[in-house]
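> Handing over upload.txt, compact mmCIF, N, CA and C atoms.
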# COMPACT_ATOMS: atom_id res chain seq x y z
N MET D 1 21.86 19.09 1.95
CA MET D 1 21.45 17.76 1.58
C MET D 1 20.06 17.48 2.16
N THR D 2 19.20 16.99 1.32
CA THR D 2 17.86 16.61 1.75
C THR D 2 17.83 15.11 2.00
N VAL D 3 17.18 14.71 3.07
CA VAL D 3 17.05 13.30 3.43
C VAL D 3 15.57 12.94 3.41
N THR D 4 15.24 11.81 2.82
CA THR D 4 13.85 11.35 2.80
C THR D 4 13.76 9.97 3.45
N ALA D 5 12.63 9.72 4.06
CA ALA D 5 12.31 8.40 4.62
C ALA D 5 11.03 7.95 3.94
N SER D 6 11.03 6.73 3.39
CA SER D 6 9.83 6.23 2.73
C SER D 6 9.64 4.74 3.04
N TRP D 7 8.40 4.34 2.98
CA TRP D 7 8.04 2.94 3.21
C TRP D 7 6.72 2.64 2.51
N ASN D 8 6.67 1.50 1.90
CA ASN D 8 5.45 1.00 1.26
C ASN D 8 4.88 2.01 0.25
N GLY D 9 5.78 2.65 -0.48
CA GLY D 9 5.36 3.56 -1.53
C GLY D 9 5.00 4.96 -1.10
N GLU D 10 5.16 5.29 0.18
CA GLU D 10 4.82 6.63 0.67
C GLU D 10 6.02 7.31 1.29
N THR D 11 6.12 8.61 1.06
CA THR D 11 7.16 9.40 1.73
C THR D 11 6.66 9.72 3.14
N LEU D 12 7.46 9.33 4.13
CA LEU D 12 7.11 9.55 5.53
C LEU D 12 7.67 10.86 6.06
N ALA D 13 8.87 11.20 5.60
CA ALA D 13 9.53 12.41 6.08
C ALA D 13 10.50 12.91 5.03
N ARG D 14 10.70 14.22 5.03
CA ARG D 14 11.67 14.85 4.13
C ARG D 14 12.22 16.07 4.87
N SER D 15 13.55 16.16 4.93
CA SER D 15 14.14 17.27 5.67
C SER D 15 15.56 17.55 5.22
N ASP D 16 15.98 18.79 5.36
CA ASP D 16 17.38 19.15 5.16
C ASP D 16 18.01 19.50 6.51
N ASP D 17 17.36 19.03 7.59
CA ASP D 17 17.82 19.32 8.95
C ASP D 17 17.77 18.07 9.82
N THR D 18 18.36 16.97 9.35
CA THR D 18 18.40 15.77 10.19
C THR D 18 19.65 15.79 11.06
N VAL D 19 19.59 15.06 12.15
CA VAL D 19 20.75 14.85 13.03
C VAL D 19 21.07 13.36 12.96
N VAL D 20 22.33 13.03 12.67
CA VAL D 20 22.71 11.62 12.57
C VAL D 20 23.38 11.19 13.87
N VAL D 21 22.80 10.15 14.47
CA VAL D 21 23.35 9.55 15.70
C VAL D 21 23.39 8.05 15.48
N GLU D 22 24.56 7.48 15.67
CA GLU D 22 24.75 6.04 15.51
C GLU D 22 24.23 5.54 14.16
N GLY D 23 24.44 6.34 13.12
CA GLY D 23 24.05 5.95 11.77
C GLY D 23 22.58 6.16 11.42
N ASN D 24 21.79 6.67 12.36
CA ASN D 24 20.37 6.91 12.12
C ASN D 24 20.09 8.41 11.94
N HIS D 25 19.32 8.74 10.91
CA HIS D 25 18.89 10.12 10.70
C HIS D 25 17.68 10.38 11.59
N TYR D 26 17.77 11.39 12.43
CA TYR D 26 16.65 11.83 13.26
C TYR D 26 16.04 13.07 12.59
N PHE D 27 14.78 12.93 12.16
CA PHE D 27 14.07 13.99 11.47
C PHE D 27 13.34 14.89 12.46
N PRO D 28 13.29 16.20 12.22
CA PRO D 28 12.43 17.04 13.06
C PRO D 28 10.99 16.53 12.96
N ALA D 29 10.29 16.48 14.08
CA ALA D 29 8.91 15.99 14.07
C ALA D 29 8.06 16.78 13.08
N SER D 30 8.37 18.06 12.91
CA SER D 30 7.58 18.91 12.01
C SER D 30 7.78 18.53 10.53
N ASP D 31 8.82 17.74 10.22
CA ASP D 31 9.08 17.33 8.84
C ASP D 31 8.56 15.93 8.53
N VAL D 32 7.84 15.33 9.47
CA VAL D 32 7.25 14.01 9.27
C VAL D 32 5.81 14.20 8.81
N ALA D 33 5.39 13.44 7.80
CA ALA D 33 4.04 13.56 7.26
C ALA D 33 2.99 13.31 8.35
N ARG D 34 1.95 14.11 8.33
CA ARG D 34 0.86 13.94 9.30
C ARG D 34 0.07 12.67 9.00
N GLY D 35 -0.33 11.98 10.05
CA GLY D 35 -1.21 10.84 9.89
C GLY D 35 -0.53 9.52 9.60
N VAL D 36 0.80 9.48 9.46
CA VAL D 36 1.46 8.21 9.17
C VAL D 36 1.96 7.50 10.43
N LEU D 37 2.00 8.20 11.56
CA LEU D 37 2.51 7.60 12.80
C LEU D 37 1.40 7.38 13.81
N ALA D 38 1.43 6.20 14.43
CA ALA D 38 0.47 5.87 15.49
C ALA D 38 1.27 5.50 16.74
N PRO D 39 1.03 6.21 17.85
CA PRO D 39 1.79 5.94 19.07
C PRO D 39 1.61 4.51 19.57
N ARG D 40 2.68 3.97 20.14
CA ARG D 40 2.67 2.64 20.72
C ARG D 40 3.10 2.76 22.18
N GLU D 41 2.91 1.68 22.93
CA GLU D 41 3.36 1.69 24.32
C GLU D 41 4.75 1.11 24.47
N THR D 42 5.35 0.69 23.38
CA THR D 42 6.69 0.09 23.40
C THR D 42 7.73 1.13 23.80
N THR D 43 8.66 0.72 24.67
CA THR D 43 9.81 1.56 25.03
C THR D 43 11.05 0.67 25.11
N THR D 44 12.19 1.29 24.91
CA THR D 44 13.48 0.66 25.15
C THR D 44 14.36 1.69 25.82
N VAL D 45 15.43 1.23 26.46
CA VAL D 45 16.32 2.14 27.18
C VAL D 45 17.72 2.06 26.61
N CYS D 46 18.27 3.20 26.28
CA CYS D 46 19.66 3.32 25.85
C CYS D 46 20.42 3.96 27.01
N PRO D 47 21.56 3.40 27.41
CA PRO D 47 22.29 3.95 28.56
C PRO D 47 22.68 5.41 28.43
N TRP D 48 22.96 5.88 27.20
CA TRP D 48 23.40 7.27 27.08
C TRP D 48 22.37 8.20 26.47
N LYS D 49 21.34 7.66 25.79
CA LYS D 49 20.31 8.52 25.20
C LYS D 49 19.07 8.63 26.08
N GLY D 50 18.74 7.57 26.80
CA GLY D 50 17.55 7.58 27.64
C GLY D 50 16.51 6.59 27.15
N THR D 51 15.25 6.87 27.43
CA THR D 51 14.15 5.96 27.08
C THR D 51 13.54 6.36 25.74
N ALA D 52 13.55 5.41 24.81
CA ALA D 52 12.95 5.62 23.49
C ALA D 52 11.50 5.17 23.52
N HIS D 53 10.65 5.89 22.85
CA HIS D 53 9.24 5.55 22.67
C HIS D 53 9.03 5.30 21.18
N TYR D 54 8.04 4.47 20.85
CA TYR D 54 7.88 4.02 19.47
C TYR D 54 6.54 4.41 18.86
N TYR D 55 6.56 4.45 17.53
CA TYR D 55 5.37 4.64 16.71
C TYR D 55 5.29 3.47 15.73
N SER D 56 4.08 3.12 15.34
CA SER D 56 3.89 2.27 14.18
C SER D 56 3.64 3.18 13.00
N ILE D 57 3.98 2.71 11.82
CA ILE D 57 3.78 3.47 10.59
C ILE D 57 2.57 2.90 9.86
N ASN D 58 1.69 3.78 9.42
CA ASN D 58 0.53 3.41 8.63
C ASN D 58 0.69 4.08 7.27
N ALA D 59 1.09 3.27 6.27
CA ALA D 59 1.35 3.85 4.95
C ALA D 59 1.01 2.84 3.86
N GLY D 60 0.44 3.32 2.79
CA GLY D 60 0.14 2.47 1.66
C GLY D 60 -0.78 1.31 1.99
N GLY D 61 -1.64 1.51 3.00
CA GLY D 61 -2.59 0.47 3.37
C GLY D 61 -2.03 -0.63 4.24
N ALA D 62 -0.82 -0.43 4.79
CA ALA D 62 -0.21 -1.44 5.65
C ALA D 62 0.34 -0.79 6.92
N ILE D 63 0.57 -1.63 7.94
CA ILE D 63 1.10 -1.17 9.22
C ILE D 63 2.49 -1.78 9.42
N ASN D 64 3.44 -0.96 9.83
CA ASN D 64 4.79 -1.41 10.17
C ASN D 64 4.96 -1.09 11.66
N THR D 65 4.80 -2.11 12.50
CA THR D 65 4.76 -1.94 13.95
C THR D 65 6.12 -1.54 14.52
N ASP D 66 6.09 -0.51 15.37
CA ASP D 66 7.28 -0.04 16.07
C ASP D 66 8.43 0.33 15.13
N ALA D 67 8.14 0.88 13.98
CA ALA D 67 9.16 1.17 12.97
C ALA D 67 9.72 2.58 13.05
N ALA D 68 9.27 3.37 14.00
CA ALA D 68 9.81 4.71 14.22
C ALA D 68 9.96 4.91 15.72
N TRP D 69 10.96 5.68 16.10
CA TRP D 69 11.16 5.93 17.53
C TRP D 69 11.63 7.36 17.77
N TYR D 70 11.48 7.77 19.02
CA TYR D 70 11.89 9.11 19.43
C TYR D 70 12.21 9.09 20.91
N TYR D 71 12.92 10.10 21.36
CA TYR D 71 13.28 10.26 22.77
C TYR D 71 12.61 11.53 23.27
N PRO D 72 11.49 11.42 23.99
CA PRO D 72 10.79 12.64 24.44
C PRO D 72 11.60 13.43 25.47
N SER D 73 12.42 12.74 26.25
CA SER D 73 13.26 13.40 27.26
C SER D 73 14.65 12.78 27.23
N PRO D 74 15.42 13.05 26.17
CA PRO D 74 16.74 12.42 26.08
C PRO D 74 17.67 12.92 27.19
N LYS D 75 18.65 12.08 27.51
CA LYS D 75 19.68 12.50 28.46
C LYS D 75 20.48 13.64 27.83
N GLU D 76 21.22 14.35 28.66
CA GLU D 76 21.96 15.53 28.20
C GLU D 76 22.88 15.21 27.02
N ALA D 77 23.52 14.06 27.03
CA ALA D 77 24.45 13.69 25.96
C ALA D 77 23.75 13.57 24.59
N ALA D 78 22.44 13.38 24.61
CA ALA D 78 21.67 13.21 23.37
C ALA D 78 20.65 14.32 23.18
N ALA D 79 20.85 15.45 23.80
CA ALA D 79 19.87 16.54 23.76
C ALA D 79 19.52 16.96 22.34
N GLU D 80 20.44 16.78 21.38
CA GLU D 80 20.20 17.23 20.01
C GLU D 80 19.11 16.44 19.30
N ILE D 81 18.69 15.28 19.85
CA ILE D 81 17.64 14.50 19.18
C ILE D 81 16.26 14.70 19.79
N LYS D 82 16.14 15.62 20.74
CA LYS D 82 14.81 15.91 21.30
C LYS D 82 13.89 16.42 20.20
N ASP D 83 12.65 15.97 20.20
CA ASP D 83 11.64 16.35 19.21
C ASP D 83 12.00 15.89 17.80
N ARG D 84 12.75 14.79 17.70
CA ARG D 84 13.14 14.23 16.42
C ARG D 84 12.75 12.76 16.36
N ILE D 85 12.52 12.26 15.16
CA ILE D 85 12.03 10.89 14.95
C ILE D 85 12.96 10.17 13.98
N ALA D 86 13.29 8.92 14.32
CA ALA D 86 14.12 8.08 13.46
C ALA D 86 13.31 6.86 13.02
N PHE D 87 13.78 6.20 11.98
CA PHE D 87 13.05 5.08 11.38
C PHE D 87 13.95 3.85 11.21
N TRP D 88 13.30 2.68 11.15
CA TRP D 88 13.99 1.43 10.84
C TRP D 88 12.96 0.43 10.34
N LYS D 89 13.25 -0.87 10.40
CA LYS D 89 12.32 -1.94 9.99
C LYS D 89 11.86 -1.78 8.55
N GLY D 90 12.81 -1.64 7.64
CA GLY D 90 12.46 -1.58 6.23
C GLY D 90 12.17 -0.20 5.68
N VAL D 91 12.17 0.81 6.54
CA VAL D 91 11.99 2.18 6.04
C VAL D 91 13.27 2.59 5.33
N GLU D 92 13.12 3.06 4.09
CA GLU D 92 14.28 3.47 3.30
C GLU D 92 14.58 4.94 3.58
N VAL D 93 15.80 5.20 4.06
CA VAL D 93 16.24 6.56 4.33
C VAL D 93 17.34 6.89 3.33
N LEU D 94 17.09 7.89 2.50
CA LEU D 94 18.02 8.25 1.43
C LEU D 94 18.47 9.69 1.53
N GLU D 95 19.75 9.90 1.30
CA GLU D 95 20.30 11.26 1.21
C GLU D 95 20.28 11.67 -0.25
N GLU D 96 19.73 12.85 -0.53
CA GLU D 96 19.65 13.33 -1.92
C GLU D 96 20.60 14.48 -2.14
Any chance you could put this one into structure tokens?

Amino acid sequence: MTVTASWNGETLARSDDTVVVEGNHYFPASDVARGVLAPRETTTVCPWKGTAHYYSINAGGAINTDAAWYYPSPKEAAAEIKDRIAFWKGVEVLEE
């Protein structure tokens, strides 16, 4: 199954190797389009996954602030999402 993430008319990621955690598809960083993510200083903490860091999305001439996140050093229970990126805030994630 291939999964795609798109926003504002652009495909952000496409992969047949996502990991689903809590209903979110985590895409391998290598399957995310180059140039659509801009690092942010925003972080949040999940008790079992660790500290999430965020990206803004720049697509179709618009910015979607903090609409992608990743765990650079996830806790052991979430090790499978290391080097993977998930999306929200209006990003459409579809299984094909």
> Hey, could you make a per-residue contact list for range 6-38 of chain D against range 70-78 of chain D with 10 Å as the cut-off, showing the nearest pair of atoms and its distance in Å to one decimal, counting only C-alpha atoms, sorted by chain and number, as CSV?

residue,atom,partner,partner_atom,distance
D:Val21,CA,D:Ala78,CA,8.7
D:Tyr26,CA,D:Tyr70,CA,8.3
D:Phe27,CA,D:Tyr70,CA,9.6
D:Ala29,CA,D:Tyr70,CA,9.2
> Save the residues we just selected, N, CA and C atoms, as a PDB file, in the frame of the given file?

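Result went into part.pdb, see below:
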ATOM      1  N   VAL D  21      22.800  10.150  14.470  1.00  0.00           N
ATOM      2  CA  VAL D  21      23.350   9.550  15.700  1.00  0.00           C
ATOM      3  C   VAL D  21      23.390   8.050  15.480  1.00  0.00           C
ATOM      4  N   TYR D  26      17.770  11.390  12.430  1.00  0.00           N
ATOM      5  CA  TYR D  26      16.650  11.830  13.260  1.00  0.00           C
ATOM      6  C   TYR D  26      16.040  13.070  12.590  1.00  0.00           C
ATOM      7  N   PHE D  27      14.780  12.930  12.160  1.00  0.00           N
ATOM      8  CA  PHE D  27      14.070  13.990  11.470  1.00  0.00           C
ATOM      9  C   PHE D  27      13.340  14.890  12.460  1.00  0.00           C
ATOM     10  N   ALA D  29      10.290  16.480  14.080  1.00  0.00           N
ATOM     11  CA  ALA D  29       8.910  15.990  14.070  1.00  0.00           C
ATOM     12  C   ALA D  29       8.060  16.780  13.080  1.00  0.00           C
TER      13      ALA D  29
END
> Applying 5 Å and only N, CA and C atoms, which residues near range 48-65 of chain D remain after dropping the ones on its own chain fewer than 2 positions away? List them as a PyMOL selection string.
chain D and resi 8+36-40+42-46+67-71+74-75
> When DSSP works through the backbone of this structure, what residues of chain D end up as strand (DSSP E or B), shown as a PyMOL selection string?
chain D and resi 3-7+10-15+19-21+24-28+32+37-46+50-59+62-70+84-87+92-95
> Using all atoms listed in the file - which residues lie no farther than 8 Å from the point (22.0, 17.7, 3.7) in the file's frame? Write them as a list in words.
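Residues found, by chain and rising number: Met1, Thr2, Val3, Ser15, Asp16, Asp17, Thr18, Glu95 and Glu96 of chain D.
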> Distance atom N of Gly35 in chain D-atom N of Val93 in chain D, one decimal place?
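Taking atom N of Gly35 in chain D and atom N of Val93 in chain D, their separation equals 18.5 Å.
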> One decimal, in Å: what's the spacing between atom C of Asp83 in chain D and CA of Gly9 in chain D?
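Those two atoms sit 23.9 Å apart.
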> What is the CA of Pro28 in chain D-atom C of Lys82 in chain D distance in Å, reported with one decimal?
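That distance, rounded to one decimal, is 7.3 Å.
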> Find the axis-aligned box for range 54-58 of chain D, covering all its listed atoms and adding 8 Å on each side, and write its centre and edge lengths in Å to one decimal as lines of an AutoDock Vina configuration file.

center_x = 4.3
center_y = 3.5
center_z = 14.1
size_x = 23.5
size_y = 18.4
size_z = 29.6
> Could you write out, as a list in words, all the residues of chain D that DSSP marks as helix (DSSP H, G or I)?
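Put together, the selection reads Ala29, Ser30, Asp31, Glu76, Ala77, Ala78, Ala79, Glu80 and Ile81 of chain D.
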> As a list in words, please: the residues near Val91 in chain D (cut-off 7 Å, only C-alpha atoms, same-chain neighbours under 4 positions excluded).
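Result of the neighbour search: Ala5, Ser6, Trp7 and Phe87 of chain D.
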> Kindly export the residues of the current selection with N, CA and C atoms, as a compact mmCIF listing (two decimals), in the frame of the given file.

# COMPACT_ATOMS: atom_id res chain seq x y z
N ALA D 5 12.63 9.72 4.06
CA ALA D 5 12.31 8.40 4.62
C ALA D 5 11.03 7.95 3.94
N SER D 6 11.03 6.73 3.39
CA SER D 6 9.83 6.23 2.73
C SER D 6 9.64 4.74 3.04
N TRP D 7 8.40 4.34 2.98
CA TRP D 7 8.04 2.94 3.21
C TRP D 7 6.72 2.64 2.51
N PHE D 87 13.78 6.20 11.98
CA PHE D 87 13.05 5.08 11.38
C PHE D 87 13.95 3.85 11.21
